[in-house]
Amino acid sequence: MSFPESQHVDYLQHLKMPIAQDDASAFRTLFNELFPCLSQFVFSIVKIKEASTEIVDEIFIRLWNNRHRIMEIDNLKIYMYRAAKNESLNFISKKASSKIHEHFDDIVIQLKDDFSPEHLMINKESLQKIRIVIESLPPQCKMIFKLVREDGLKYKEVAEILNLSVKTIDSQMVIAVSRLREALKSQLNIPVTNKSKKKELSL
């Protein structure tokens with residue numbers, strides 16, 4: 001089931017009450033809505049597919065086991081992302097003796113193959129340029145871009161998940177989008193000016 005982004009968070013919030021009342025169907029709906037993006041998010045951190053699945057499964061199992069307290073969760077989507085981030089970092093800390101970087105300095109983002117080429121109206125060459133630019137972004141910037149553009153999270157939500165300020169999220173997105181526009185301006189014929197700043201975030 002798919003919902004407009006403006007309705008999606010409210011929809012997930014409305015699942016809390018039936019889940020708290022032992023509604024397994026509502027829990028399955030929540031699982032189906034969040035499992036794909038959470039799995040990709042975890043994989044971008046731990047880089048092990050099997051571990052990613054196990055981590056997300058465990059998060060959902062723990063949520064179900066504590067379902068009678070689910071109404072205490074303010075924002076369910078943010079809660080699940082933060083749980084996924086924390087469990088991923090815990091997994092890494094058990095595998096390595098080096099210090100874990102909270103701001104994802106070493107993370108490689110696995111971007112979806114269907115990165116909205118249709119609404120950009122670009123060709124394969126331009127799409128390849130987009131991927132090259134995204135892969136060249138600083139790791140934290142790349143993670144923020146992924147959460148905003150791929151997972152549809154709001155700046156405030158990403159800030160809460162990554163323990164950053166909304167201003168930082170905004171500045172990192174401006175960097176990402178500016179680099180994309182610069183790489184594509186010859187194909188799209190869009191000059192990079194202050195007047196077009198508001199249009200940047202629509203890419």
# chains A, B, ... in the order shown; residues from 1 in each chain; ligands from 1
>>> residues_around(residues="Tyr79 (chain A)", least_positions_apart="3", cutoff="12 Å", atoms="only C-alpha atoms", output="count of residues only")
25
>>> residues_around(residues="Ile132 (chain A)", least_positions_apart="2", cutoff="12 Å", atoms="only C-alpha atoms", output="VMD selection string")
chain A and resid 111 125 to 130 134 to 137 142 176 179 to 180 183 to 184
>>> atom_distance(atom1="CA of Leu147 (chain A)", atom2="CA of Arg28 (chain A)")
22.9 Å
>>> select_by_dssp(residues="region 54-105 of chain A", states="alpha helix (DSSP H)", output="VMD selection string")
chain A and resid 54 to 65 76 to 95
>>> decode(residues="region 40-54 of chain A", atoms="C-alpha atoms", output="tab-separated table (two decimals), in the first residue's frame")
chain	number	residue	atom	x	y	z
A	40	GLN	CA	18.96	-0.81	2.91
A	41	PHE	CA	19.83	1.74	5.61
A	42	VAL	CA	21.40	-0.94	7.82
A	43	PHE	CA	23.24	-2.49	4.87
A	44	SER	CA	24.78	0.88	4.03
A	45	ILE	CA	26.36	0.79	7.50
A	46	VAL	CA	27.27	-2.86	8.14
A	47	LYS	CA	27.83	-3.84	4.47
A	48	ILE	CA	26.72	-7.42	5.13
A	49	LYS	CA	23.37	-8.41	3.61
A	50	GLU	CA	22.61	-11.29	5.98
A	51	ALA	CA	23.50	-9.21	9.02
A	52	SER	CA	21.31	-6.37	7.74
A	53	THR	CA	18.30	-8.64	7.53
A	54	GLU	CA	18.94	-10.10	10.97
